[in-house]
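Source file upload_12.cif; content: mmCIF, C-alpha atoms.
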data_run
#
loop_
_atom_site.label_atom_id
_atom_site.label_comp_id
_atom_site.auth_asym_id
_atom_site.auth_seq_id
_atom_site.Cartn_x
_atom_site.Cartn_y
_atom_site.Cartn_z
CA MET P 12 125.72 113.95 4.05
CA ASP P 13 123.03 115.58 1.95
CA ASP P 14 119.44 114.42 2.24
CA VAL P 15 118.92 112.68 -1.08
CA ASP P 16 115.75 111.00 -2.26
CA TYR P 17 116.88 107.67 -3.69
CA THR P 18 113.46 106.70 -5.01
CA SER P 19 112.94 106.44 -8.73
CA GLU P 20 109.78 106.97 -10.72
CA LEU P 21 110.67 103.77 -12.58
CA LEU P 22 110.69 101.82 -9.33
CA ASN P 23 107.36 103.30 -8.22
CA ASP P 24 105.51 102.23 -11.39
CA ASP P 25 102.27 100.48 -10.34
CA HIS P 26 102.03 98.68 -13.70
CA PRO P 27 105.53 97.60 -14.69
CA GLU P 28 106.08 95.98 -18.05
CA PRO P 29 106.88 92.26 -17.98
CA LEU P 30 110.58 91.56 -17.88
CA GLY P 31 112.33 90.15 -20.94
CA ASN P 32 115.91 90.07 -22.10
CA ASP P 33 118.09 93.15 -22.63
CA ALA P 34 117.14 93.32 -26.32
CA ASP P 35 113.53 94.00 -25.25
CA PHE P 36 114.46 97.20 -23.42
CA PRO P 37 115.12 100.55 -25.08
CA PRO P 38 118.27 102.40 -23.91
CA MET P 39 117.71 104.03 -20.53
CA ALA P 40 118.08 107.71 -19.83
CA PRO P 41 121.17 108.56 -17.76
CA VAL P 42 120.77 107.63 -14.11
CA PRO P 43 120.40 110.87 -12.12
CA LEU P 44 122.15 109.56 -9.02
CA HIS P 45 125.54 107.96 -8.78
CA LEU P 46 124.89 104.32 -8.06
CA SER P 47 128.13 102.44 -8.44
CA HIS P 48 126.69 99.50 -10.37
CA TYR P 49 125.39 101.70 -13.21
CA ASP P 50 127.43 103.34 -15.96
CA GLN P 51 126.77 106.80 -17.42
CA ALA P 52 124.21 105.35 -19.82
CA GLY P 53 122.28 103.73 -16.97
CA LYS P 54 123.33 100.17 -17.79
CA ALA P 55 124.20 97.82 -14.95
CA HIS P 56 127.83 96.76 -14.77
CA MET P 57 130.29 95.24 -12.35
CA VAL P 58 132.37 97.89 -10.59
CA ASP P 59 136.09 97.82 -11.37
CA VAL P 60 137.82 97.59 -7.99
CA SER P 61 141.31 96.90 -9.37
CA GLU P 62 142.57 100.36 -8.35
CA LYS P 63 141.19 100.16 -4.81
CA ALA P 64 143.51 99.53 -1.90
CA LEU P 65 143.48 96.08 -0.36
CA THR P 66 142.29 96.63 3.20
CA ARG P 67 140.73 94.48 5.89
CA ARG P 68 136.97 94.67 5.64
CA GLU P 69 134.39 93.16 7.93
CA ALA P 70 130.61 93.16 7.95
CA VAL P 71 128.00 91.86 10.37
CA ALA P 72 124.40 91.21 9.35
CA ALA P 73 121.44 89.92 11.32
CA ALA P 74 118.11 88.24 10.68
CA PHE P 75 115.23 87.18 12.89
CA VAL P 76 113.04 84.12 12.42
CA GLU P 77 109.75 84.55 14.25
CA LEU P 78 108.57 81.20 15.63
CA SER P 79 105.57 80.21 17.70
CA ASP P 80 106.09 78.90 21.22
CA ALA P 81 105.13 75.42 20.01
CA VAL P 82 107.85 75.43 17.33
CA LEU P 83 110.42 76.82 19.77
CA LYS P 84 109.58 74.04 22.21
CA ALA P 85 109.95 71.40 19.46
CA LEU P 86 113.36 72.60 18.22
CA PRO P 87 115.41 70.10 20.25
CA GLN P 88 113.34 67.15 18.97
CA ASN P 89 113.62 68.00 15.26
CA PRO P 90 113.98 64.71 13.31
CA LYS P 91 116.05 66.49 10.61
CA GLY P 92 118.74 67.38 13.17
CA ASN P 93 119.60 70.51 15.11
CA PRO P 94 118.06 73.35 13.07
CA LEU P 95 120.41 75.95 14.54
CA GLU P 96 123.56 74.02 13.62
CA VAL P 97 122.30 73.24 10.14
CA ALA P 98 121.42 76.94 9.73
CA ARG P 99 124.94 77.95 10.81
CA PHE P 100 126.52 75.64 8.24
CA ALA P 101 124.12 76.80 5.51
CA GLY P 102 124.91 80.45 6.25
CA ILE P 103 128.65 79.85 6.10
CA GLN P 104 128.31 77.98 2.81
CA ALA P 105 126.04 80.71 1.41
CA ALA P 106 128.54 83.47 2.19
CA LYS P 107 131.08 81.62 0.05
CA GLN P 108 128.57 81.49 -2.85
CA THR P 109 127.45 85.14 -2.82
CA SER P 110 129.01 86.08 -6.16
CA SER P 111 127.12 83.17 -7.78
CA LEU P 112 123.81 84.45 -6.40
CA ILE P 113 124.10 88.21 -6.82
CA PRO P 114 125.22 89.12 -10.35
CA MET P 115 127.34 92.20 -9.67
CA CYS P 116 129.09 90.93 -6.54
CA HIS P 117 132.80 90.26 -6.80
CA GLN P 118 134.11 86.82 -6.02
CA LEU P 119 136.01 87.30 -2.76
CA ALA P 120 138.55 85.25 -0.91
CA LEU P 121 136.86 85.29 2.48
CA SER P 122 139.26 85.13 5.38
CA TYR P 123 136.54 84.55 7.95
CA VAL P 124 132.84 83.68 8.10
CA ASP P 125 130.86 82.94 11.24
CA VAL P 126 127.15 82.48 11.74
CA GLN P 127 125.52 82.31 15.15
CA ALA P 128 121.91 81.29 15.71
CA LYS P 129 120.31 81.37 19.12
CA VAL P 130 116.86 80.90 20.52
CA VAL P 131 115.46 84.11 21.99
CA ASP P 132 112.02 85.25 23.04
CA GLY P 133 109.75 84.83 20.01
CA GLY P 134 112.15 83.09 17.67
CA VAL P 135 115.70 82.62 16.50
CA ALA P 136 118.17 85.50 16.27
CA ILE P 137 120.86 85.07 13.62
CA GLU P 138 124.09 87.02 13.32
CA ALA P 139 126.52 86.53 10.45
CA THR P 140 130.04 87.95 10.21
CA ALA P 141 132.23 87.98 7.11
CA ALA P 142 135.76 89.34 6.71
CA THR P 143 138.32 89.66 3.94
CA VAL P 144 141.33 91.64 2.81
CA ALA P 145 140.26 93.01 -0.55
CA GLY P 146 139.41 96.05 -2.63
CA THR P 147 135.69 95.70 -1.97
CA GLY P 148 133.49 95.06 1.05
CA VAL P 149 131.80 91.96 2.43
CA GLU P 150 128.39 93.38 3.30
CA MET P 151 126.61 91.20 0.77
CA GLU P 152 128.38 88.06 2.00
CA ALA P 153 127.21 88.77 5.56
CA MET P 154 123.67 89.59 4.37
CA VAL P 155 123.46 86.43 2.25
CA ALA P 156 124.77 84.32 5.15
CA ALA P 157 122.14 85.72 7.53
CA SER P 158 119.35 85.33 4.96
CA ILE P 159 120.18 81.74 4.06
CA ALA P 160 120.62 80.78 7.71
CA ALA P 161 117.13 82.20 8.37
CA LEU P 162 115.68 80.34 5.39
CA THR P 163 117.29 77.15 6.68
CA VAL P 164 115.61 77.55 10.07
CA TYR P 165 112.34 77.91 8.15
CA ASP P 166 113.08 74.80 6.09
CA MET P 167 113.94 72.78 9.19
CA THR P 168 110.75 73.79 11.03
CA LYS P 169 108.12 74.37 8.32
CA ALA P 170 106.47 71.01 8.97
CA LEU P 171 105.34 72.37 12.34
CA ASP P 172 104.07 75.78 11.21
CA LYS P 173 103.66 77.40 7.80
CA GLY P 174 103.22 80.82 9.44
CA ILE P 175 106.89 81.27 10.31
CA ARG P 176 108.14 84.74 9.42
CA ILE P 177 111.63 85.83 8.46
CA ARG P 178 112.10 89.49 9.20
CA GLU P 179 114.60 92.23 9.83
CA VAL P 180 117.45 91.09 7.62
CA VAL P 181 119.79 94.04 8.16
CA LEU P 182 123.37 95.18 7.97
CA VAL P 183 124.40 95.69 11.59
CA ARG P 184 127.84 97.15 10.98
CA LYS P 185 130.73 97.27 8.56
CA SER P 186 134.31 98.43 8.73
CA GLY P 187 137.06 99.15 6.25
CA GLY P 188 137.11 100.56 2.77
CA LYS P 189 136.73 103.98 1.22
CA SER P 190 133.24 104.63 2.60
CA GLY P 191 134.44 104.05 6.17
CA ASP P 192 132.70 102.46 9.09
CA TYR P 193 128.95 102.04 9.50
CA ARG P 194 126.94 101.02 12.55
CA ARG P 195 123.16 100.56 12.53
CA LEU P 196 121.49 102.63 15.20
#

Just dump the structure as structure tokens.
Amino acid sequence: MDDVDYTSELLNDDHPEPLGNDADFPPMAPVPLHLSHYDQAGKAHMVDVSEKALTRREAVAAAFVELSDAVLKALPQNPKGNPLEVARFAGIQAAKQTSSLIPMCHQLALSYVDVQAKVVDGGVAIEATAATVAGTGVEMEAMVAASIAALTVYDMTKALDKGIRIREVVLVRKSGGKSGDYRRL
């Protein structure tokens, strides 16, 4: 794979114009790189996956919620319920709503979603898995599941500490599809 700089001068603007509706923006110059969600004129669009082969696709994402020792110790006594179980359910529900949250995501029939949340040194480690048989991948569904599970842990524990940090929301691995397998190093 070639070393390509994916940064854009437009994205690095220190003084961006306020956002408005599409009528407020002049037509964009052609996008120099091939990003699948942009057409030749640089306008965002949903990718047509109707010609892609239906294959099994799976993605795993992770997130980490950094919690103080005091919050970790209080987890079992949470009056709202078990934060880890509520986070699991929230992550599973979120994966099923991904296309409603991210405009260019396809609505997928998910064949499997699992979210695991466990207490580890310094916080809660979350891992979300999503799978489908479709013409497009499930990376975003796994990432949304991990993110919302992490936000739910925050919501369930924020009364104890406003300094909770959510960090390292990442794609861990994916399989299937034209671009092949990926594993985070």

Go through range 141-174 of chain P and flag each residue having an atom no more than 9 Å from range 101-118 of chain P; for those, report the closest pair of atoms plus their distance in Å to one decimal, using all atoms listed in the file, ordered by chain and rising number, as JSON lines.
{"residue": "P:Ala141", "atom": "CA", "partner": "P:Ala106", "partner_atom": "CA", "distance": 7.6}
{"residue": "P:Thr147", "atom": "CA", "partner": "P:His117", "partner_atom": "CA", "distance": 7.8}
{"residue": "P:Met151", "atom": "CA", "partner": "P:Thr109", "partner_atom": "CA", "distance": 7.1}
{"residue": "P:Glu152", "atom": "CA", "partner": "P:Ala106", "partner_atom": "CA", "distance": 4.6}
{"residue": "P:Ala153", "atom": "CA", "partner": "P:Ala106", "partner_atom": "CA", "distance": 6.4}
{"residue": "P:Met154", "atom": "CA", "partner": "P:Ala106", "partner_atom": "CA", "distance": 8.1}
{"residue": "P:Val155", "atom": "CA", "partner": "P:Ala106", "partner_atom": "CA", "distance": 5.9}
{"residue": "P:Ala156", "atom": "CA", "partner": "P:Gly102", "partner_atom": "CA", "distance": 4.0}
{"residue": "P:Ala157", "atom": "CA", "partner": "P:Gly102", "partner_atom": "CA", "distance": 6.1}
{"residue": "P:Ser158", "atom": "CA", "partner": "P:Gly102", "partner_atom": "CA", "distance": 7.5}
{"residue": "P:Ile159", "atom": "CA", "partner": "P:Gly102", "partner_atom": "CA", "distance": 5.4}
{"residue": "P:Ala160", "atom": "CA", "partner": "P:Gly102", "partner_atom": "CA", "distance": 4.5}
{"residue": "P:Ala161", "atom": "CA", "partner": "P:Gly102", "partner_atom": "CA", "distance": 8.3}
{"residue": "P:Thr163", "atom": "CA", "partner": "P:Ala101", "partner_atom": "CA", "distance": 6.9}

How about saving the chosen residues, C-alpha atoms kept, as an mmCIF file, in the frame of the given file?
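The resulting file, part_30.cif, is shown below:
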data_model
loop_
_atom_site.group_PDB
_atom_site.id
_atom_site.type_symbol
_atom_site.label_atom_id
_atom_site.label_comp_id
_atom_site.auth_asym_id
_atom_site.auth_seq_id
_atom_site.Cartn_x
_atom_site.Cartn_y
_atom_site.Cartn_z
ATOM 1 C CA ALA P 141 132.230 87.980 7.110
ATOM 2 C CA THR P 147 135.690 95.700 -1.970
ATOM 3 C CA MET P 151 126.610 91.200 0.770
ATOM 4 C CA GLU P 152 128.380 88.060 2.000
ATOM 5 C CA ALA P 153 127.210 88.770 5.560
ATOM 6 C CA MET P 154 123.670 89.590 4.370
ATOM 7 C CA VAL P 155 123.460 86.430 2.250
ATOM 8 C CA ALA P 156 124.770 84.320 5.150
ATOM 9 C CA ALA P 157 122.140 85.720 7.530
ATOM 10 C CA SER P 158 119.350 85.330 4.960
ATOM 11 C CA ILE P 159 120.180 81.740 4.060
ATOM 12 C CA ALA P 160 120.620 80.780 7.710
ATOM 13 C CA ALA P 161 117.130 82.200 8.370
ATOM 14 C CA THR P 163 117.290 77.150 6.680
#

Extract, using all atoms listed in the file, all DNA, RNA and protein residues at most 12 Å from range 169-175 of chain P, discarding same-chain residues fewer than 4 positions from it, and format them as JSON, numbers by chain.
{"P": [75, 76, 77, 78, 79, 80, 81, 82, 83, 84, 85, 86, 88, 89, 90, 91, 94, 133, 134, 135, 161, 162, 163, 164, 165]}

Determine the nearest neighbour of Thr66 in chain P from the options P:Asp166, P:Arg184, P:Ala145, P:Asp192, counting all atoms listed in the file.
P:Ala145

d(CA of Gly188 in chain P, CA of Leu121 in chain P) in Å
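One can read the CA of Gly188 in chain P to CA of Leu121 in chain P distance as 15.3 Å.
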
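Every protein, DNA or RNA residue with an atom at most 8 Å from Glu150 in chain P, where only C-alpha atoms count and chain neighbours fewer than 6 positions away do not, is listed here: Glu69, Ala70, Val71, Ala72, Ala141, Leu182 and Lys185 of chain P.
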
Do you know which residues are at most 6 Å from Ile137 in chain P counting only C-alpha atoms, after dropping those on the same chain fewer than 6 positions away, and could you put them as a ChimeraX atom specification?
/P:73-74,127-128

Coordinates-based distance that separates CA of Val180 in chain P from CA of Asn93 in chain P (Å, one decimal):
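Calculated distance between CA of Asn93 in chain P and CA of Val180 in chain P is 22.0 Å.
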
What's around Val126 in chain P at 6 Å? Count all atoms listed in the file, leave out sequence neighbours fewer than 5 positions away in its own chain, and write the answer as a PyMOL selection string.
chain P and resi 99+138-139

Work out how far apart CA of Thr140 in chain P and CA of Lys189 in chain P are and give it in Å to one decimal.
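Computing the Euclidean distance for CA of Thr140 in chain P and CA of Lys189 in chain P yields 19.6 Å.
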
With all atoms listed in the file as the atoms that count, which of P:Ala136, P:Ala142, P:Leu119, P:Met167 lies nearest to Val181 in chain P?
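Closest to Val181 in chain P, using all atoms listed in the file: P:Ala136.
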
Between P:Val144, P:Ala55, P:Ala120, P:Val97, which residue has the minimum interatomic distance to Gly187 in chain P, considering only C-alpha atoms?
P:Val144

Take range 101-133 of chain P, bring it up to N, CA and C atoms, and give me the output as a short mmCIF file (atom, residue, chain, number, x, y, z; two decimals), keeping the file's coordinate frame.
data_model
loop_
_atom_site.label_atom_id
_atom_site.label_comp_id
_atom_site.auth_asym_id
_atom_site.auth_seq_id
_atom_site.Cartn_x
_atom_site.Cartn_y
_atom_site.Cartn_z
N ALA P 101 124.71 76.27 6.75
CA ALA P 101 124.12 76.80 5.51
C ALA P 101 124.52 78.25 5.30
N GLY P 102 124.51 79.05 6.36
CA GLY P 102 124.91 80.45 6.25
C GLY P 102 126.36 80.61 5.86
N ILE P 103 127.23 79.79 6.45
CA ILE P 103 128.65 79.85 6.10
C ILE P 103 128.85 79.47 4.63
N GLN P 104 128.20 78.40 4.21
CA GLN P 104 128.31 77.98 2.81
C GLN P 104 127.76 79.06 1.88
N ALA P 105 126.66 79.68 2.25
CA ALA P 105 126.04 80.71 1.41
C ALA P 105 126.96 81.92 1.23
N ALA P 106 127.63 82.33 2.30
CA ALA P 106 128.54 83.47 2.19
C ALA P 106 129.59 83.21 1.12
N LYS P 107 130.06 81.98 1.03
CA LYS P 107 131.08 81.62 0.05
C LYS P 107 130.52 81.57 -1.38
N GLN P 108 129.21 81.57 -1.53
CA GLN P 108 128.57 81.49 -2.85
C GLN P 108 127.93 82.81 -3.29
N THR P 109 128.15 83.88 -2.55
CA THR P 109 127.45 85.14 -2.82
C THR P 109 127.60 85.62 -4.25
N SER P 110 128.81 85.57 -4.80
CA SER P 110 129.01 86.08 -6.16
C SER P 110 128.27 85.23 -7.20
N SER P 111 127.91 84.00 -6.86
CA SER P 111 127.12 83.17 -7.78
C SER P 111 125.64 83.51 -7.71
N LEU P 112 125.22 84.13 -6.61
CA LEU P 112 123.81 84.45 -6.40
C LEU P 112 123.45 85.87 -6.79
N ILE P 113 124.37 86.79 -6.58
CA ILE P 113 124.10 88.21 -6.82
C ILE P 113 125.01 88.65 -7.96
N PRO P 114 124.44 88.96 -9.12
CA PRO P 114 125.22 89.12 -10.35
C PRO P 114 126.39 90.10 -10.30
N MET P 115 126.27 91.21 -9.63
CA MET P 115 127.34 92.20 -9.67
C MET P 115 128.31 92.11 -8.48
N CYS P 116 128.16 91.11 -7.65
CA CYS P 116 129.09 90.93 -6.54
C CYS P 116 130.39 90.33 -7.04
N HIS P 117 131.49 90.81 -6.47
CA HIS P 117 132.80 90.26 -6.80
C HIS P 117 133.00 88.95 -6.06
N GLN P 118 133.73 88.06 -6.68
CA GLN P 118 134.11 86.82 -6.02
C GLN P 118 135.25 87.17 -5.06
N LEU P 119 135.03 86.91 -3.77
CA LEU P 119 136.01 87.30 -2.76
C LEU P 119 136.63 86.09 -2.09
N ALA P 120 137.89 86.24 -1.75
CA ALA P 120 138.55 85.25 -0.91
C ALA P 120 138.23 85.64 0.53
N LEU P 121 137.26 84.97 1.10
CA LEU P 121 136.86 85.29 2.48
C LEU P 121 137.90 84.75 3.45
N SER P 122 138.31 85.59 4.37
CA SER P 122 139.26 85.13 5.38
C SER P 122 138.55 84.64 6.63
N TYR P 123 137.27 84.97 6.76
CA TYR P 123 136.54 84.55 7.95
C TYR P 123 135.04 84.65 7.68
N VAL P 124 134.31 83.64 8.11
CA VAL P 124 132.84 83.68 8.10
C VAL P 124 132.39 82.97 9.36
N ASP P 125 131.45 83.58 10.06
CA ASP P 125 130.86 82.94 11.24
C ASP P 125 129.38 83.26 11.24
N VAL P 126 128.59 82.29 11.61
CA VAL P 126 127.15 82.48 11.74
C VAL P 126 126.75 81.93 13.09
N GLN P 127 126.04 82.73 13.85
CA GLN P 127 125.52 82.31 15.15
C GLN P 127 123.99 82.36 15.09
N ALA P 128 123.37 81.35 15.64
CA ALA P 128 121.91 81.29 15.71
C ALA P 128 121.54 80.90 17.13
N LYS P 129 120.70 81.72 17.76
CA LYS P 129 120.31 81.37 19.12
C LYS P 129 118.83 81.62 19.34
N VAL P 130 118.27 80.77 20.17
CA VAL P 130 116.86 80.90 20.52
C VAL P 130 116.71 82.08 21.48
N VAL P 131 115.79 82.96 21.15
CA VAL P 131 115.46 84.11 21.99
C VAL P 131 113.95 84.17 22.10
N ASP P 132 113.46 85.09 22.88
CA ASP P 132 112.02 85.25 23.04
C ASP P 132 111.38 85.51 21.67
N GLY P 133 110.49 84.64 21.25
CA GLY P 133 109.75 84.83 20.01
C GLY P 133 110.38 84.25 18.76
#
